[in-house]
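Beneath this line is the structure, given in structure tokens, with notes to follow.
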Amino acid sequence: MSNLAVLGLQWGDEGKGKLIDLAAEHYDVVVRCQGGNNAGHTVQVADRVYKLSLIPSGVLRPGKIGVVGNGVVINPEALLSEIDTLRSLGVDVESNLLVSNRAHVVFPYHPMLERSSEESPGKRRIGTTSRGIGPCYEDKVARRGIRVAELLSPTHFPDRFRAMAAEKSAVAEALGVHEPWDVEAALARYQGLAERMRPFVTETGKYLNQAIQEGKRLLFEGAQATMLDIDFGTYPYLTSSNATAGGLCTGSGVSPRFLHHIVGVAKAYATRVGEGPFLTEAHGPAGDDLREAGAEYGTVTGRPRRCGWFDIPLLRYAHAINHLSSLFITKLDVLDHLDTVPVCTGYRYKGATLDWMPAIAEEYAEVEPVYEELPGWSGPTAGITDFEQLPGAAKDYIAFLEDRLEIEIGGVSTGPKREETIIREGSILERVTVASDAACA
Ligand code: GDP
Ligand code: IMO
Ligand code: MG
């Protein structure tokens, strides 16, 4: 049976959660592979708004198994509080959530050290979500992190935790951080959290490969996006995991041979939270207007998102890295009130045309975006579910993007709710998201 991955292509918050929720109906298992509770995926079902962070959005559909894979970094308190919240909203996560024993654990010293790094005058500020995600991945790569399996081990955990706490306290002191904490009290607290996590923990890589053998269909839920990917994003202004296609495999233990379709999600414009270059950023009233129309405030931190225009070279780059089967464009309705819509159609750098991102953020920031101004549309697109019912200029806008990107735009989102969605007839997106007998690879 064919499996599907959904990935963000810009700087996150494209509306991945919405598409995952829609597609999950036809999949058995929904898997998160990277990131942590820096992700915030909003799903609106009828009048209820769900905000998911560590738990895959697919669990909102009864009977679906949610997997938090080995590539995710887990803050146990955040995970358990999300479980409690979902339970209070009537979502049964008790019997259908699995958590990897190989995932790394975020401890209080991670956000503490991150704060110090972000506030240090000599360092480049990233504008992180302050969840300790980067420092936790640092420990993972440095081979000193503590994984869920160790957290659950009464024989290994106390010594490992005490040793790490001593090491981190020494680092904090050297950095001039004075946030005293009671290590023994923290140890006891984490042992308590471990017991609450234990029923969910398993070898998720083994589970997923068995599920594939049994003919179950897997839906991979990307977090963050291509331009926040640790290798291909705007380094160092990005997150600490691989948010592109490759991260799905290393973060789950599933071979690339089982990734059959990859659908990318992009807004009809662009947003970014945090620092770093954003070539098509609209400053002043135009940016403020997009922010208000699109309610562009971070799901995790509530920070106002920087807003700007659709960037075709950036999307072509993301397509090259991820090799998409289809593209889903969200928030078209946010542009409804505009007389004209600027679109970046090319990059100029030192007099030449660029077709790839410069590797140095400061050089990327100097690239000059070339714009074309497209006509706005006369009537609203909000809530429209049939492509043919869109105003002519809105159809032309989508056709223009499709033509320049050379990717199928298989669907368009016209509002936050599940049903405010256009899936185009005959598209690959239709086959993999709404047709229950989706294409086999
Ligand atoms: P994710 O991180 O990619 O899952 O995206 P977020 O949930 O962080 O941000 C997307 C926001 O846009 C959420 O508040 C969604 O409810 C909302 N949204 C998604 N699609 C649409 C759409 O087509 N129109 C409008 N107006 N809002 C949308
Ligand atoms: P979803 O999955 C938008 C951004 C932060 C910051 C940078 C590094 O909801 O699309 P981190 O805390 O990860 O070290 O922060 O990455 N960032 C996101 N921006 N959506 C996200 O996730 C993000 N996750 C991280 O704002 O600029
Ligand atoms: Mg988000």
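Letters for chains follow the order of the structure tokens (A, B, ...), residue numbers begin at 1 for each chain, and ligand numbers begin at 1 in the order shown.
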Would you pick out the contacts of Arg131 (chain A) at 7 Å or less, using only C-alpha atoms, so that residues sharing its chain but fewer than 5 positions from it are not included, and give the list as a ChimeraX atom specification? /A:37-38,111
Could you list, as a PyMOL selection string, all residues that come within 6 Å of ligand 2? Count only C-alpha atoms and all ligand atoms. chain A and resi 11-13+38-41+126-131+133-134+223-224+228+238-239+273-275
Using only C-alpha atoms, which residues sit within 12 Å of Gly71 (chain A) once same-chain residues fewer than 5 positions away are excluded, as an MDAnalysis selection string? chainID A and resid 31:36 54 99:105 133 136:137 140:141 147:148 204:205 222:223 240:243 246:254
Filtered DSSP result for region 294-389 of chain A, state strand (DSSP E or B), as a VMD selection string: chain A and resid 297 304 306 to 308 310 to 311 326 to 330 340 to 349 352 to 354 368 to 375
Please write the residues from the selection above to a file, keeping C-alpha atoms, as a PDB file, in the first residue's frame.
ATOM      1  CA  TYR A 297       0.513  34.987  15.187  1.00  0.00           C
ATOM      2  CA  PRO A 304       3.597  38.102  15.390  1.00  0.00           C
ATOM      3  CA  ARG A 306       6.654  38.397   9.611  1.00  0.00           C
ATOM      4  CA  CYS A 307       4.578  38.424   6.411  1.00  0.00           C
ATOM      5  CA  GLY A 308       5.388  38.807   2.729  1.00  0.00           C
ATOM      6  CA  PHE A 310       4.985  34.166  -2.538  1.00  0.00           C
ATOM      7  CA  ASP A 311       8.532  33.349  -3.592  1.00  0.00           C
ATOM      8  CA  SER A 326       1.900  17.516  -5.597  1.00  0.00           C
ATOM      9  CA  LEU A 327       1.511  20.917  -3.969  1.00  0.00           C
ATOM     10  CA  PHE A 328      -1.238  22.157  -1.627  1.00  0.00           C
ATOM     11  CA  ILE A 329      -1.631  25.961  -1.490  1.00  0.00           C
ATOM     12  CA  THR A 330      -3.211  27.295   1.702  1.00  0.00           C
ATOM     13  CA  THR A 340      -2.960  43.326  -6.933  1.00  0.00           C
ATOM     14  CA  VAL A 341      -0.783  40.495  -5.629  1.00  0.00           C
ATOM     15  CA  PRO A 342       3.018  40.741  -5.940  1.00  0.00           C
ATOM     16  CA  VAL A 343       4.829  37.463  -6.621  1.00  0.00           C
ATOM     17  CA  CYS A 344       8.595  37.023  -6.606  1.00  0.00           C
ATOM     18  CA  THR A 345       9.461  35.339  -9.891  1.00  0.00           C
ATOM     19  CA  GLY A 346      13.263  35.513  -9.850  1.00  0.00           C
ATOM     20  CA  TYR A 347      16.420  36.228  -7.876  1.00  0.00           C
ATOM     21  CA  ARG A 348      19.195  38.616  -8.959  1.00  0.00           C
ATOM     22  CA  TYR A 349      22.555  38.548  -7.220  1.00  0.00           C
ATOM     23  CA  ALA A 352      23.296  37.521 -12.347  1.00  0.00           C
ATOM     24  CA  THR A 353      20.190  35.356 -12.134  1.00  0.00           C
ATOM     25  CA  LEU A 354      20.233  32.802  -9.288  1.00  0.00           C
ATOM     26  CA  GLU A 368      17.341  41.035  -4.969  1.00  0.00           C
ATOM     27  CA  PRO A 369      13.846  39.608  -5.518  1.00  0.00           C
ATOM     28  CA  VAL A 370      12.297  40.331  -8.914  1.00  0.00           C
ATOM     29  CA  TYR A 371       8.526  40.822  -8.753  1.00  0.00           C
ATOM     30  CA  GLU A 372       5.573  40.504 -11.063  1.00  0.00           C
ATOM     31  CA  GLU A 373       2.310  42.101 -10.015  1.00  0.00           C
ATOM     32  CA  LEU A 374      -0.734  39.885 -10.636  1.00  0.00           C
ATOM     33  CA  PRO A 375      -4.325  41.152 -10.606  1.00  0.00           C
TER      34      PRO A 375
END
Neighbours of Pro380 (chain A) within 10 Å (only C-alpha atoms; same-chain residues fewer than 3 positions away dropped), as a compact mmCIF listing (two decimals) with all heavy atoms, in the first residue's frame?
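Dumped to part-v3.txt:
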# COMPACT_ATOMS: atom_id res chain seq x y z
N LEU A 332 -5.49 30.95 0.55
CA LEU A 332 -5.76 31.80 -0.61
C LEU A 332 -6.73 32.91 -0.22
O LEU A 332 -6.62 34.05 -0.69
CB LEU A 332 -6.36 30.94 -1.75
CG LEU A 332 -6.57 31.67 -3.07
CD1 LEU A 332 -5.24 32.08 -3.68
CD2 LEU A 332 -7.37 30.82 -4.06
N ASP A 333 -7.67 32.60 0.67
CA ASP A 333 -8.69 33.57 1.10
C ASP A 333 -8.09 34.82 1.74
O ASP A 333 -8.70 35.89 1.72
CB ASP A 333 -9.66 32.90 2.10
CG ASP A 333 -8.93 32.27 3.28
OD1 ASP A 333 -8.15 31.32 3.04
OD2 ASP A 333 -9.10 32.75 4.42
N VAL A 334 -6.88 34.69 2.28
CA VAL A 334 -6.24 35.83 2.95
C VAL A 334 -5.92 36.95 1.95
O VAL A 334 -5.83 38.12 2.31
CB VAL A 334 -4.98 35.35 3.72
CG1 VAL A 334 -4.19 36.51 4.29
CG2 VAL A 334 -5.39 34.38 4.83
N LEU A 335 -5.79 36.58 0.67
CA LEU A 335 -5.45 37.57 -0.36
C LEU A 335 -6.70 38.19 -1.00
O LEU A 335 -6.58 39.05 -1.89
CB LEU A 335 -4.57 36.93 -1.45
CG LEU A 335 -3.29 36.23 -0.96
CD1 LEU A 335 -2.53 35.63 -2.14
CD2 LEU A 335 -2.40 37.21 -0.20
N ASP A 336 -7.88 37.74 -0.56
CA ASP A 336 -9.13 38.14 -1.22
C ASP A 336 -9.32 39.65 -1.39
O ASP A 336 -9.93 40.09 -2.34
CB ASP A 336 -10.34 37.59 -0.44
CG ASP A 336 -10.61 36.12 -0.75
OD1 ASP A 336 -9.92 35.56 -1.63
OD2 ASP A 336 -11.51 35.53 -0.11
N HIS A 337 -8.82 40.41 -0.42
CA HIS A 337 -9.12 41.85 -0.43
C HIS A 337 -8.11 42.68 -1.22
O HIS A 337 -8.22 43.90 -1.27
CB HIS A 337 -9.18 42.36 1.02
CG HIS A 337 -7.85 42.22 1.72
ND1 HIS A 337 -7.29 41.00 2.01
CD2 HIS A 337 -6.98 43.16 2.15
CE1 HIS A 337 -6.13 41.19 2.62
NE2 HIS A 337 -5.92 42.50 2.72
N TRP A 377 -8.54 39.48 -7.19
CA TRP A 377 -9.79 38.93 -7.70
C TRP A 377 -10.97 39.69 -7.13
O TRP A 377 -10.91 40.22 -6.01
CB TRP A 377 -9.91 37.42 -7.44
CG TRP A 377 -9.24 36.93 -6.20
CD1 TRP A 377 -9.80 36.71 -4.99
CD2 TRP A 377 -7.85 36.56 -6.06
NE1 TRP A 377 -8.87 36.23 -4.10
CE2 TRP A 377 -7.66 36.12 -4.73
CE3 TRP A 377 -6.74 36.54 -6.92
CZ2 TRP A 377 -6.43 35.69 -4.25
CZ3 TRP A 377 -5.50 36.12 -6.45
CH2 TRP A 377 -5.36 35.69 -5.12
N GLY A 383 -13.99 29.78 1.77
CA GLY A 383 -14.98 28.71 1.91
C GLY A 383 -15.30 27.97 0.61
O GLY A 383 -16.03 26.97 0.65
N ILE A 384 -14.77 28.41 -0.51
CA ILE A 384 -15.09 27.73 -1.79
C ILE A 384 -14.46 26.34 -1.81
O ILE A 384 -13.33 26.13 -1.38
CB ILE A 384 -14.62 28.61 -2.99
CG1 ILE A 384 -15.52 29.84 -3.09
CG2 ILE A 384 -14.62 27.81 -4.30
CD1 ILE A 384 -15.20 30.79 -4.22
N LEU A 390 -14.00 29.36 -8.19
CA LEU A 390 -13.12 30.48 -7.78
C LEU A 390 -13.25 31.62 -8.78
O LEU A 390 -13.46 31.38 -9.98
CB LEU A 390 -11.65 30.02 -7.77
CG LEU A 390 -11.19 29.08 -6.65
CD1 LEU A 390 -9.74 28.63 -6.91
CD2 LEU A 390 -11.28 29.74 -5.28
N PRO A 391 -13.09 32.88 -8.32
CA PRO A 391 -13.06 33.99 -9.27
C PRO A 391 -11.95 33.76 -10.31
O PRO A 391 -10.92 33.17 -9.98
CB PRO A 391 -12.74 35.20 -8.39
CG PRO A 391 -12.99 34.78 -6.99
CD PRO A 391 -12.88 33.30 -6.93
N ALA A 394 -8.37 34.50 -9.40
CA ALA A 394 -7.80 33.60 -8.40
C ALA A 394 -7.35 32.30 -9.08
O ALA A 394 -6.29 31.74 -8.75
CB ALA A 394 -8.83 33.30 -7.30
N THR A 414 -9.14 27.23 1.41
CA THR A 414 -9.82 28.52 1.37
C THR A 414 -10.37 28.94 2.74
O THR A 414 -11.22 29.81 2.85
CB THR A 414 -10.97 28.49 0.35
OG1 THR A 414 -11.85 27.41 0.71
CG2 THR A 414 -10.45 28.25 -1.07
Which residues form the shell of 9 Å around ligand 1 when you count only C-alpha atoms and all ligand atoms, given as number ranges by chain? A: 7-8, 12-20, 39-44, 49-53, 57, 222-225, 265-268, 293-300, 329-334, 382-383, 412-418, 420-421
Do you know which residues are at most 12 Å from Gly215 (chain A) counting only C-alpha atoms, after dropping those on the same chain fewer than 2 positions away, and could you put them as a PyMOL selection string? chain A and resi 1-3+27-29+208-213+217-218+258+440
By how many Å are CA of His319 (chain A) and CA of Asp231 (chain A) apart?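 Between these atoms lies a distance of 15.1 Å.
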Could you pull the residues within 7 Å of Leu4 (chain A), counting only C-alpha atoms, minus those fewer than 4 positions along the same chain, as an MDAnalysis selection string? chainID A and resid 218:220 259:262
Go ahead and save the residues from that selection, with N, CA, C and O atoms, as a short mmCIF file (atom, residue, chain, number, x, y, z; two decimals), in the first residue's frame.
data_model
loop_
_atom_site.label_atom_id
_atom_site.label_comp_id
_atom_site.auth_asym_id
_atom_site.auth_seq_id
_atom_site.Cartn_x
_atom_site.Cartn_y
_atom_site.Cartn_z
N LEU A 218 0.86 4.43 5.88
CA LEU A 218 1.51 5.38 6.78
C LEU A 218 1.43 6.80 6.22
O LEU A 218 1.61 7.02 5.03
N LEU A 219 1.16 7.73 7.13
CA LEU A 219 1.13 9.15 6.77
C LEU A 219 2.20 9.83 7.63
O LEU A 219 2.14 9.79 8.86
N PHE A 220 3.19 10.43 6.98
CA PHE A 220 4.29 11.08 7.70
C PHE A 220 3.97 12.57 7.84
O PHE A 220 3.71 13.24 6.85
N LEU A 259 8.59 5.54 1.03
CA LEU A 259 8.02 6.89 0.93
C LEU A 259 7.50 7.05 -0.48
O LEU A 259 8.26 7.38 -1.39
N HIS A 260 6.24 6.83 -0.69
CA HIS A 260 5.76 6.78 -2.07
C HIS A 260 5.37 8.15 -2.62
O HIS A 260 5.66 8.46 -3.76
N HIS A 261 4.70 8.94 -1.80
CA HIS A 261 4.29 10.27 -2.27
C HIS A 261 4.67 11.32 -1.24
O HIS A 261 4.55 11.09 -0.03
N ILE A 262 5.11 12.48 -1.75
CA ILE A 262 5.44 13.59 -0.86
C ILE A 262 4.66 14.81 -1.34
O ILE A 262 4.82 15.24 -2.49
#
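With only C-alpha atoms as the atoms that count, the residue of A:Phe200, A:Trp181, A:Tyr237, A:Tyr207 with the shortest distance to Glu118 (chain A) is A:Tyr237.
Between Leu315 (chain A) and the residues A:Lys64, A:Arg404, A:Arg291, A:Arg272, the shortest atom-to-atom distance, using only C-alpha atoms, involves A:Arg404.
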Counting only C-alpha atoms and all ligand atoms, figure out which residue out of A:Ala245, A:Lys216, A:Asp159, A:Glu221 gets nearest to ligand 3.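 Nearest to ligand 3: A:Glu221.
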Report as a count of residues only: the residues of region 105-318 of chain A with a DSSP assignment of alpha helix (DSSP H), based on the backbone of this structure. 90
Using only C-alpha atoms, which residues sit within 6 Å of Arg424 (chain A) once same-chain residues fewer than 2 positions away are excluded, as a count of residues only? 3
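Coordinates place CA of Leu405 (chain A) at a distance of 19.3 Å from CA of Glu430 (chain A).
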Counting only C-alpha atoms, the residue of A:Pro56, A:Gly63, A:Pro108, A:Pro277 that sits nearest Ala165 (chain A): A:Pro108
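The gap separating CA of Pro121 (chain A) from CA of Val106 (chain A) is 25.1 Å, in Å to one decimal.
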